[in-house]
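Text of run.txt, listed as compact mmCIF, C-alpha atoms:
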```txt
# COMPACT_ATOMS: atom_id res chain seq x y z
CA MET A 1 9.91 -46.45 -51.18
CA TYR A 2 7.97 -43.42 -52.30
CA ARG A 3 4.26 -43.26 -52.90
CA ILE A 4 2.11 -41.83 -55.66
CA GLY A 5 -0.89 -39.62 -54.99
CA ILE A 6 -3.68 -38.26 -57.13
CA ILE A 7 -6.10 -35.40 -56.55
CA GLY A 8 -9.22 -34.80 -58.60
CA ASP A 9 -12.94 -35.21 -58.89
CA ARG A 10 -14.41 -38.54 -57.87
CA GLU A 11 -15.40 -39.86 -61.29
CA SER A 12 -11.98 -39.19 -62.76
CA VAL A 13 -9.71 -40.49 -60.05
CA LEU A 14 -11.62 -43.47 -58.70
CA CYS A 15 -10.16 -45.84 -61.28
CA PHE A 16 -6.63 -44.94 -60.14
CA LYS A 17 -7.40 -46.72 -56.90
CA ALA A 18 -7.19 -49.99 -58.78
CA VAL A 19 -3.53 -49.43 -59.64
CA GLY A 20 -2.64 -48.52 -56.08
CA PHE A 21 -2.46 -44.73 -56.13
CA ASP A 22 -3.51 -42.84 -53.04
CA VAL A 23 -6.64 -41.06 -54.07
CA SER A 24 -7.99 -37.83 -52.69
CA ASP A 25 -11.28 -36.97 -54.32
CA THR A 26 -12.49 -33.43 -54.00
CA THR A 27 -13.53 -30.45 -56.05
CA GLU A 28 -13.28 -27.86 -53.30
CA TYR A 29 -10.34 -25.46 -53.17
CA GLU A 30 -9.67 -25.77 -49.48
CA GLU A 31 -9.81 -29.57 -49.43
CA ALA A 32 -7.63 -29.86 -52.51
CA ARG A 33 -5.08 -27.52 -51.02
CA LEU A 34 -4.92 -29.52 -47.81
CA ALA A 35 -4.64 -32.77 -49.76
CA LEU A 36 -1.77 -31.36 -51.80
CA GLU A 37 0.00 -30.14 -48.68
CA ASN A 38 -0.56 -33.47 -47.02
CA PHE A 39 0.87 -35.41 -49.97
CA ALA A 40 3.78 -33.04 -50.39
CA SER A 41 4.83 -33.18 -46.76
CA LYS A 42 4.94 -36.98 -46.74
CA ASN A 43 7.14 -39.09 -48.94
CA TYR A 44 5.22 -38.84 -52.14
CA ALA A 45 7.32 -38.87 -55.29
CA ILE A 46 4.62 -37.96 -57.76
CA ILE A 47 1.31 -36.20 -57.28
CA TYR A 48 -1.02 -36.26 -60.25
CA VAL A 49 -3.53 -33.45 -60.32
CA THR A 50 -6.48 -33.05 -62.68
CA GLU A 51 -6.58 -29.91 -64.77
CA GLN A 52 -9.63 -28.68 -62.95
CA ILE A 53 -7.87 -28.83 -59.57
CA ALA A 54 -4.61 -27.54 -61.00
CA LYS A 55 -6.33 -24.38 -62.08
CA MET A 56 -7.43 -23.70 -58.53
CA LEU A 57 -4.05 -24.51 -57.03
CA GLU A 58 -1.84 -22.74 -59.53
CA SER A 59 0.23 -20.77 -57.02
CA GLU A 60 0.63 -23.79 -54.72
CA ILE A 61 1.86 -25.93 -57.60
CA GLU A 62 4.28 -23.22 -58.67
CA MET A 63 5.98 -23.52 -55.27
CA TYR A 64 7.03 -27.12 -55.87
CA LYS A 65 8.45 -26.50 -59.32
CA GLU A 66 11.99 -25.91 -58.15
CA SER A 67 12.31 -28.75 -55.66
CA PRO A 68 13.19 -32.24 -56.95
CA THR A 69 10.26 -33.94 -55.18
CA PRO A 70 7.34 -34.13 -55.38
CA ALA A 71 6.74 -33.93 -59.09
CA ILE A 72 3.32 -32.44 -59.59
CA ILE A 73 1.92 -33.50 -62.93
CA VAL A 74 -1.25 -32.20 -64.51
CA ILE A 75 -3.44 -34.79 -66.19
CA PRO A 76 -6.79 -34.36 -67.93
CA ASN A 77 -9.94 -35.42 -66.12
CA ASN A 78 -12.73 -37.46 -67.61
CA ARG A 79 -14.14 -34.52 -69.51
CA GLY A 80 -11.03 -34.42 -71.65
CA SER A 81 -8.13 -32.03 -71.81
CA ASP A 82 -8.16 -28.32 -72.49
CA GLY A 83 -4.43 -28.34 -73.15
CA MET A 84 -3.29 -27.16 -69.76
CA GLY A 85 -0.62 -29.83 -69.53
CA MET A 86 0.81 -28.74 -72.86
CA ARG A 87 0.74 -25.14 -71.76
CA ALA A 88 2.86 -26.11 -68.75
CA ILE A 89 5.49 -27.50 -71.11
CA ILE A 90 5.38 -24.37 -73.24
CA LYS A 91 5.80 -22.32 -70.10
CA SER A 92 8.98 -24.10 -69.11
CA VAL A 93 10.30 -23.74 -72.65
CA GLU A 94 9.64 -20.03 -72.51
CA ARG A 95 11.32 -19.82 -69.15
CA ALA A 96 14.44 -21.53 -70.43
CA VAL A 97 14.74 -20.20 -73.96
CA GLY A 98 12.95 -16.90 -73.65
CA ALA A 99 10.57 -17.72 -76.47
CA ASP A 100 8.34 -20.56 -77.48
CA ILE A 101 10.41 -22.33 -80.11
CA LEU A 102 8.84 -25.76 -80.13
CA PHE A 103 5.15 -25.18 -80.55
CA LYS A 104 4.79 -21.92 -82.35
CA ASP A 105 4.18 -23.54 -85.71
CA GLU A 106 1.10 -25.34 -84.41
CA MET B 1 30.16 3.65 -68.48
CA ALA B 2 30.51 5.60 -65.29
CA ILE B 3 33.54 4.76 -63.26
CA ALA B 4 32.76 4.87 -59.59
CA ASN B 5 35.73 5.71 -57.39
CA VAL B 6 38.69 3.63 -58.50
CA ASN B 7 42.08 4.19 -57.00
CA PRO B 8 44.48 4.86 -59.87
CA THR B 9 47.29 2.80 -58.40
CA ARG B 10 49.39 0.00 -59.80
CA MET B 11 48.17 -2.40 -57.17
CA GLU B 12 44.57 -1.77 -58.10
CA LEU B 13 45.51 -2.24 -61.75
CA THR B 14 47.01 -5.70 -61.18
CA ARG B 15 44.06 -6.68 -59.04
CA LEU B 16 41.58 -5.62 -61.71
CA LYS B 17 43.52 -7.37 -64.43
CA LYS B 18 43.39 -10.60 -62.46
CA ARG B 19 39.66 -10.23 -61.92
CA LEU B 20 39.11 -9.56 -65.60
CA VAL B 21 40.90 -12.78 -66.52
CA THR B 22 38.79 -14.74 -64.03
CA ALA B 23 35.61 -13.12 -65.25
CA ARG B 24 36.44 -13.96 -68.86
CA ARG B 25 37.17 -17.56 -67.99
CA GLY B 26 33.97 -17.83 -65.93
CA HIS B 27 32.00 -16.32 -68.75
CA LYS B 28 33.31 -18.84 -71.23
CA LEU B 29 32.61 -21.78 -68.91
CA LEU B 30 29.11 -20.60 -68.07
CA LYS B 31 28.34 -20.03 -71.73
CA ASP B 32 29.39 -23.58 -72.53
CA LYS B 33 27.27 -24.83 -69.64
CA ARG B 34 24.28 -22.89 -70.90
CA ASP B 35 24.65 -24.27 -74.41
CA GLU B 36 24.90 -27.84 -73.22
CA LEU B 37 21.98 -27.42 -70.80
CA MET B 38 19.92 -26.03 -73.63
CA LYS B 39 20.74 -29.01 -75.82
CA GLN B 40 19.72 -31.44 -73.08
CA PHE B 41 16.64 -29.43 -72.25
CA LEU B 42 15.34 -29.43 -75.80
CA GLU B 43 15.79 -33.19 -75.96
CA VAL B 44 13.88 -33.69 -72.72
CA VAL B 45 11.15 -31.31 -73.74
CA ARG B 46 10.59 -32.99 -77.09
CA GLU B 47 10.25 -36.35 -75.35
CA ASN B 48 7.99 -34.74 -72.79
CA LYS B 49 5.70 -33.40 -75.48
CA ALA B 50 5.41 -36.72 -77.30
CA LEU B 51 4.79 -38.59 -74.06
CA ARG B 52 2.14 -36.17 -72.93
CA GLU B 53 0.29 -36.45 -76.19
CA SER B 54 0.20 -40.24 -76.04
CA VAL B 55 -0.61 -40.39 -72.33
CA GLU B 56 -3.45 -37.89 -72.62
CA SER B 57 -5.14 -39.72 -75.47
CA ARG B 58 -4.75 -43.12 -73.81
CA LEU B 59 -5.98 -41.77 -70.51
CA GLY B 60 -9.08 -40.60 -72.35
CA GLU B 61 -9.77 -44.19 -73.40
CA VAL B 62 -9.40 -45.36 -69.81
CA TYR B 63 -11.86 -42.73 -68.66
CA ASP B 64 -14.32 -43.73 -71.39
CA ASN B 65 -14.26 -47.37 -70.32
CA PHE B 66 -14.55 -46.44 -66.71
CA LEU B 67 -17.47 -44.20 -67.44
CA ILE B 68 -19.32 -47.04 -69.11
CA ALA B 69 -18.45 -49.32 -66.21
CA SER B 70 -19.80 -46.84 -63.72
CA ALA B 71 -22.95 -46.52 -65.76
CA ILE B 72 -23.51 -50.27 -65.80
CA MET B 73 -22.58 -50.99 -62.21
CA SER B 74 -24.13 -49.39 -59.21
CA ARG B 75 -22.00 -46.80 -57.49
CA GLN B 76 -21.82 -48.85 -54.32
CA VAL B 77 -20.58 -51.98 -56.01
CA LEU B 78 -18.06 -49.99 -57.99
CA GLU B 79 -16.64 -48.35 -54.94
CA GLN B 80 -16.62 -51.59 -53.04
CA SER B 81 -14.68 -53.37 -55.73
CA LEU B 82 -12.02 -50.69 -55.78
CA MET B 83 -11.91 -50.13 -52.05
CA PHE B 84 -9.02 -52.45 -51.31
CA PRO B 85 -6.42 -52.43 -54.04
CA LYS B 86 -4.11 -55.44 -54.16
CA TYR B 87 -0.93 -53.49 -53.90
CA ARG B 88 0.14 -49.92 -53.38
CA ALA B 89 1.90 -48.11 -56.16
CA GLU B 90 5.42 -47.44 -55.00
CA VAL B 91 8.34 -45.89 -56.78
CA ASP B 92 12.03 -45.60 -56.13
CA ILE B 93 13.65 -42.29 -56.86
CA LYS B 94 17.12 -42.30 -58.30
CA THR B 95 18.76 -39.14 -59.45
CA LYS B 96 20.52 -38.51 -62.68
CA ASN B 97 22.99 -35.71 -63.06
CA ILE B 98 22.54 -33.55 -66.15
CA MET B 99 25.15 -30.79 -66.08
CA SER B 100 25.03 -30.65 -62.27
CA VAL B 101 21.24 -30.51 -62.22
CA ASN B 102 19.91 -33.49 -60.30
CA VAL B 103 16.85 -34.79 -62.08
CA PRO B 104 14.76 -37.64 -60.72
CA VAL B 105 14.44 -41.07 -62.31
CA PHE B 106 11.41 -42.97 -61.08
CA GLU B 107 11.66 -46.72 -60.94
CA THR B 108 9.00 -49.20 -60.05
CA ASP B 109 9.04 -52.96 -59.79
CA GLU B 110 6.70 -54.59 -62.20
CA ASN B 111 5.56 -57.93 -60.89
CA LYS B 112 1.91 -57.21 -61.05
CA SER B 113 0.42 -60.40 -62.37
CA ASP B 114 -3.00 -60.15 -60.79
CA LEU B 115 -4.47 -56.70 -61.01
CA TYR B 116 -8.04 -57.13 -60.06
CA SER B 117 -8.98 -56.44 -56.50
CA TYR B 118 -12.46 -57.79 -56.96
CA GLY B 119 -14.25 -60.95 -57.98
CA PHE B 120 -15.86 -61.36 -61.34
CA TYR B 121 -19.31 -61.54 -59.85
CA GLY B 122 -21.20 -58.28 -60.06
CA THR B 123 -18.51 -56.34 -61.87
CA SER B 124 -18.58 -55.43 -65.50
CA GLN B 125 -16.14 -56.20 -68.24
CA GLU B 126 -15.58 -52.52 -68.94
CA LEU B 127 -14.14 -52.11 -65.47
CA ASP B 128 -11.62 -54.88 -66.19
CA THR B 129 -10.68 -53.20 -69.44
CA SER B 130 -10.16 -49.81 -67.89
CA VAL B 131 -8.13 -51.16 -64.96
CA ASN B 132 -6.06 -53.23 -67.33
CA ARG B 133 -5.40 -50.32 -69.65
CA LEU B 134 -4.59 -48.01 -66.79
CA SER B 135 -1.99 -50.38 -65.41
CA GLY B 136 -0.53 -50.63 -68.90
CA LEU B 137 -0.33 -46.87 -68.93
CA LEU B 138 1.43 -46.73 -65.58
CA PRO B 139 5.04 -46.93 -66.86
CA ASP B 140 4.35 -44.11 -69.28
CA LEU B 141 2.70 -42.04 -66.57
CA LEU B 142 5.85 -42.41 -64.51
CA ARG B 143 8.06 -41.51 -67.42
CA LEU B 144 5.90 -38.47 -68.11
CA ALA B 145 6.33 -37.34 -64.51
CA GLU B 146 10.06 -37.91 -64.79
CA LYS B 147 10.45 -35.94 -68.00
CA GLU B 148 8.19 -33.13 -66.95
CA LYS B 149 10.00 -32.67 -63.66
CA SER B 150 13.35 -32.81 -65.43
CA ALA B 151 12.18 -30.17 -67.89
CA GLN B 152 11.06 -27.90 -65.06
CA LEU B 153 14.31 -28.27 -63.14
CA LEU B 154 16.42 -27.75 -66.24
CA ALA B 155 14.42 -24.67 -67.16
CA VAL B 156 15.14 -23.14 -63.76
CA GLU B 157 18.84 -23.91 -64.08
CA ILE B 158 19.04 -22.52 -67.62
CA GLU B 159 17.36 -19.33 -66.50
CA LYS B 160 19.90 -18.89 -63.69
CA THR B 161 22.85 -19.67 -65.92
CA ARG B 162 21.66 -17.31 -68.61
CA ARG B 163 21.38 -14.50 -66.10
CA ARG B 164 24.91 -15.12 -64.91
CA VAL B 165 26.27 -15.22 -68.44
CA ASN B 166 24.54 -11.95 -69.28
CA ALA B 167 25.65 -10.29 -66.06
CA LEU B 168 29.25 -11.20 -66.79
CA GLU B 169 29.09 -10.33 -70.45
CA TYR B 170 27.25 -7.04 -70.27
CA VAL B 171 28.05 -5.69 -66.81
CA MET B 172 31.08 -7.17 -65.09
CA ILE B 173 33.51 -7.51 -67.99
CA PRO B 174 32.86 -4.05 -69.55
CA GLN B 175 33.18 -2.51 -66.10
CA PHE B 176 36.54 -4.11 -65.51
CA GLU B 177 37.74 -3.07 -68.95
CA ASP B 178 36.69 0.54 -68.35
CA LYS B 179 38.32 0.66 -64.95
CA ILE B 180 41.57 -0.76 -66.28
CA LYS B 181 41.59 1.75 -69.10
CA PHE B 182 40.94 4.59 -66.66
CA ILE B 183 43.78 3.56 -64.37
CA LYS B 184 46.20 3.15 -67.27
CA MET B 185 45.38 6.59 -68.60
CA LYS B 186 45.70 8.14 -65.17
CA LEU B 187 49.06 6.48 -64.62
CA ASP B 188 50.36 7.57 -68.04
CA GLU B 189 49.19 11.07 -67.32
CA ASN B 190 51.06 11.10 -64.03
CA GLU B 191 54.17 9.83 -65.72
CA ARG B 192 54.01 12.55 -68.41
CA SER B 193 53.48 15.27 -65.88
CA SER B 194 56.48 14.16 -63.85
CA THR B 195 58.63 14.11 -67.02
CA ILE B 196 57.51 17.63 -67.83
CA ARG B 197 58.28 18.71 -64.32
CA LEU B 198 61.80 17.29 -64.58
CA MET B 199 62.40 19.04 -67.90
CA LYS B 200 61.17 22.31 -66.47
CA VAL B 201 63.41 21.98 -63.42
CA LYS B 202 66.37 21.21 -65.67
CA ASP B 203 65.67 24.32 -67.77
CA MET B 204 65.48 26.43 -64.69
CA MET B 205 68.76 25.06 -63.36
CA ILE B 206 70.52 25.77 -66.70
CA GLN B 207 69.25 29.34 -66.77
CA GLU B 208 70.40 29.85 -63.22
CA ALA B 209 73.87 28.60 -64.09
CA ARG B 210 74.08 30.91 -67.13
CA ALA B 211 73.04 33.95 -65.08
CA LYS B 212 76.04 33.41 -62.86
```
Turn the structure described in the file into structure tokens.
Amino acid sequence: MYRIGIIGDRESVLCFKAVGFDVSDTTEYEEARLALENFASKNYAIIYVTEQIAKMLESEIEMYKESPTPAIIVIPNNRGSDGMGMRAIIKSVERAVGADILFKDE
Amino acid sequence: MAIANVNPTRMELTRLKKRLVTARRGHKLLKDKRDELMKQFLEVVRENKALRESVESRLGEVYDNFLIASAIMSRQVLEQSLMFPKYRAEVDIKTKNIMSVNVPVFETDENKSDLYSYGFYGTSQELDTSVNRLSGLLPDLLRLAEKEKSAQLLAVEIEKTRRRVNALEYVMIPQFEDKIKFIKMKLDENERSSTIRLMKVKDMMIQEARAK
């Protein structure tokens, strides 16, 4: 069986402990990077990352985009979303189609 | 287009003709693949977008409840109550094949009757609500991960396929066509010049015979 991990600031990710995720709470670049590497090298299927951390680890996350596991998914933290997750979708649309055809009318 | 050293021979001509046929067939197949991938991709991406919208707003509610809970309860108690979760979240990965792209399908067993890893004493109701809501959100979180990963993988594959289609359409096939045309013209030219030579030789032989 594969596990699920989550990286983010303490207040946002603590509640995920209750549903059995493996939590790594940090706001530092170096720690977050190590946590991501640690999760990715073990058998984690999904790693959720808060937007705040995802911004710091952009190039690291990019590396895992082409491999089937782990899936690194950006979620908002408890201060709400600034639309980074949506931008990731737009980015993959642009990559595939060459232009943003789904969201441009918004 | 510039023709870089082609041997104007019949063998080369047959070889090039064969390659042109293969390239055309490959081009057609890849184009079909690209179109189908695109269709699948757009479907996945639409789902992905809808899922993300719903997950993000529901996650906000969970955070709100949790925030209230953490305001009511002391930090120590809160951390203690969540320290030992009842079960670990585990998923099974199966793969689905979309046009030879293997995309993951996450599956989890859902026999989670008792969520709460803490007693009712000392914990607040808001904590229960947020834990409850979060576990309700779990299937959708998994599906979001699934769709988002699929979209990423499909995007990579579409990009590759599109490059191949374009390379065949705009580089390989025109090059072959030009080379074939060049060889044909060269061969025709050779043929004409040998005919002319024969005619000339014949003329010369006739004149020689008349002179005698």
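Distances to chain B were evaluated for A:Glu31, A:Glu51, A:Asp25, A:Glu66 using all atoms listed in the file, and the minimum falls at A:Glu66.
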Nearest residue to Met1 (chain A) from the set A:Lys65, A:Lys17, A:Lys42, A:Arg33 (distances using all atoms listed in the file): A:Lys42
Mind listing as a ChimeraX atom specification which residues of chain B are within 8 Å of chain A, counting only C-alpha atoms? /B:38,45,48-49,52,56,59-60,63-64,66-67,79,82-83,85-93,102-104,115-117,130-131,134-135,145-146,148-149,151-156,158-159
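Here CA of Glu43 (chain B) is placed at a distance of 27.4 Å from CA of Leu168 (chain B).
CA of Leu138 (chain B) to CA of Val62 (chain B) spans 11.7 Å [interatomic distance, one decimal].
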Restricting the calculation to all atoms listed in the file, which member of A:Gly8, A:Arg87, A:Asp82, A:Tyr29 is positioned closest to Glu60 (chain A)? A:Tyr29
Could you work out an axis-aligned bounding box for all listed atoms of region 146-160 of chain B, with 5 Å added on each of the six sides, and give its centre and edge lengths in Å to one decimal, as lines of an AutoDock Vina configuration file?
```
center_x = 14.0
center_y = -28.4
center_z = -65.6
size_x = 21.7
size_y = 29.0
size_z = 14.9
```
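Between CA of Ala69 (chain B) and CA of Arg10 (chain A) the separation is 14.2 Å.
Residues within 10 Å of Gly26 (chain B), counting all atoms listed in the file and excluding same-chain residues fewer than 6 positions away, are Leu20, Asp32, Arg164, Val165 and Leu168 of chain B.
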Residue with smallest distance to Leu30 (chain B) - pool B:Thr161, B:Gln175, B:Asn166, B:Asn7, counting all atoms listed in the file: B:Thr161
For Glu28 (chain A), please output as an mmCIF file with C-alpha atoms, keeping the file's coordinate frame all residues within 12 Å (counting all atoms listed in the file; exclusion window: fewer than 2 positions along the same chain).
```cif
data_model
loop_
_atom_site.group_PDB
_atom_site.id
_atom_site.type_symbol
_atom_site.label_atom_id
_atom_site.label_comp_id
_atom_site.auth_asym_id
_atom_site.auth_seq_id
_atom_site.Cartn_x
_atom_site.Cartn_y
_atom_site.Cartn_z
ATOM 1 C CA ILE A 7 -6.100 -35.400 -56.550
ATOM 2 C CA GLY A 8 -9.220 -34.800 -58.600
ATOM 3 C CA ASP A 9 -12.940 -35.210 -58.890
ATOM 4 C CA ARG A 10 -14.410 -38.540 -57.870
ATOM 5 C CA SER A 24 -7.990 -37.830 -52.690
ATOM 6 C CA ASP A 25 -11.280 -36.970 -54.320
ATOM 7 C CA THR A 26 -12.490 -33.430 -54.000
ATOM 8 C CA GLU A 30 -9.670 -25.770 -49.480
ATOM 9 C CA GLU A 31 -9.810 -29.570 -49.430
ATOM 10 C CA ALA A 32 -7.630 -29.860 -52.510
ATOM 11 C CA ARG A 33 -5.080 -27.520 -51.020
ATOM 12 C CA LEU A 34 -4.920 -29.520 -47.810
ATOM 13 C CA ALA A 35 -4.640 -32.770 -49.760
ATOM 14 C CA GLN A 52 -9.630 -28.680 -62.950
ATOM 15 C CA ILE A 53 -7.870 -28.830 -59.570
ATOM 16 C CA ALA A 54 -4.610 -27.540 -61.000
ATOM 17 C CA LYS A 55 -6.330 -24.380 -62.080
ATOM 18 C CA MET A 56 -7.430 -23.700 -58.530
ATOM 19 C CA LEU A 57 -4.050 -24.510 -57.030
#
```
Final N, CA and C atoms of region 68-82 of chain A as a CSV table (one decimal), keeping the file's coordinate frame:
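Below is the file that was written, selection-v4.csv:
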```csv
chain,number,residue,atom,x,y,z
A,68,PRO,N,13.2,-31.0,-56.2
A,68,PRO,CA,13.2,-32.2,-57.0
A,68,PRO,C,12.0,-33.1,-56.7
A,69,THR,N,11.5,-33.2,-55.4
A,69,THR,CA,10.3,-33.9,-55.2
A,69,THR,C,9.3,-33.1,-54.4
A,70,PRO,N,8.0,-33.2,-54.5
A,70,PRO,CA,7.3,-34.1,-55.4
A,70,PRO,C,7.2,-33.5,-56.8
A,71,ALA,N,7.1,-34.4,-57.7
A,71,ALA,CA,6.7,-33.9,-59.1
A,71,ALA,C,5.2,-33.8,-59.2
A,72,ILE,N,4.8,-32.6,-59.5
A,72,ILE,CA,3.3,-32.4,-59.6
A,72,ILE,C,3.0,-32.4,-61.1
A,73,ILE,N,2.2,-33.3,-61.5
A,73,ILE,CA,1.9,-33.5,-62.9
A,73,ILE,C,0.4,-33.3,-63.2
A,74,VAL,N,0.1,-32.5,-64.2
A,74,VAL,CA,-1.2,-32.2,-64.5
A,74,VAL,C,-1.7,-33.2,-65.5
A,75,ILE,N,-2.9,-33.9,-65.2
A,75,ILE,CA,-3.4,-34.8,-66.2
A,75,ILE,C,-4.9,-34.3,-66.5
A,76,PRO,N,-5.4,-34.7,-67.6
A,76,PRO,CA,-6.8,-34.4,-67.9
A,76,PRO,C,-7.8,-35.1,-67.0
A,77,ASN,N,-8.9,-34.6,-66.8
A,77,ASN,CA,-9.9,-35.4,-66.1
A,77,ASN,C,-10.9,-36.1,-67.1
A,78,ASN,N,-12.0,-36.6,-66.7
A,78,ASN,CA,-12.7,-37.5,-67.6
A,78,ASN,C,-13.5,-36.6,-68.6
A,79,ARG,N,-13.5,-35.3,-68.5
A,79,ARG,CA,-14.1,-34.5,-69.5
A,79,ARG,C,-13.2,-34.1,-70.6
A,80,GLY,N,-12.0,-34.7,-70.6
A,80,GLY,CA,-11.0,-34.4,-71.6
A,80,GLY,C,-10.1,-33.3,-71.3
A,81,SER,N,-9.2,-33.0,-72.1
A,81,SER,CA,-8.1,-32.0,-71.8
A,81,SER,C,-8.4,-30.7,-72.5
A,82,ASP,N,-8.1,-29.6,-71.8
A,82,ASP,CA,-8.2,-28.3,-72.5
A,82,ASP,C,-6.7,-27.8,-72.8
```
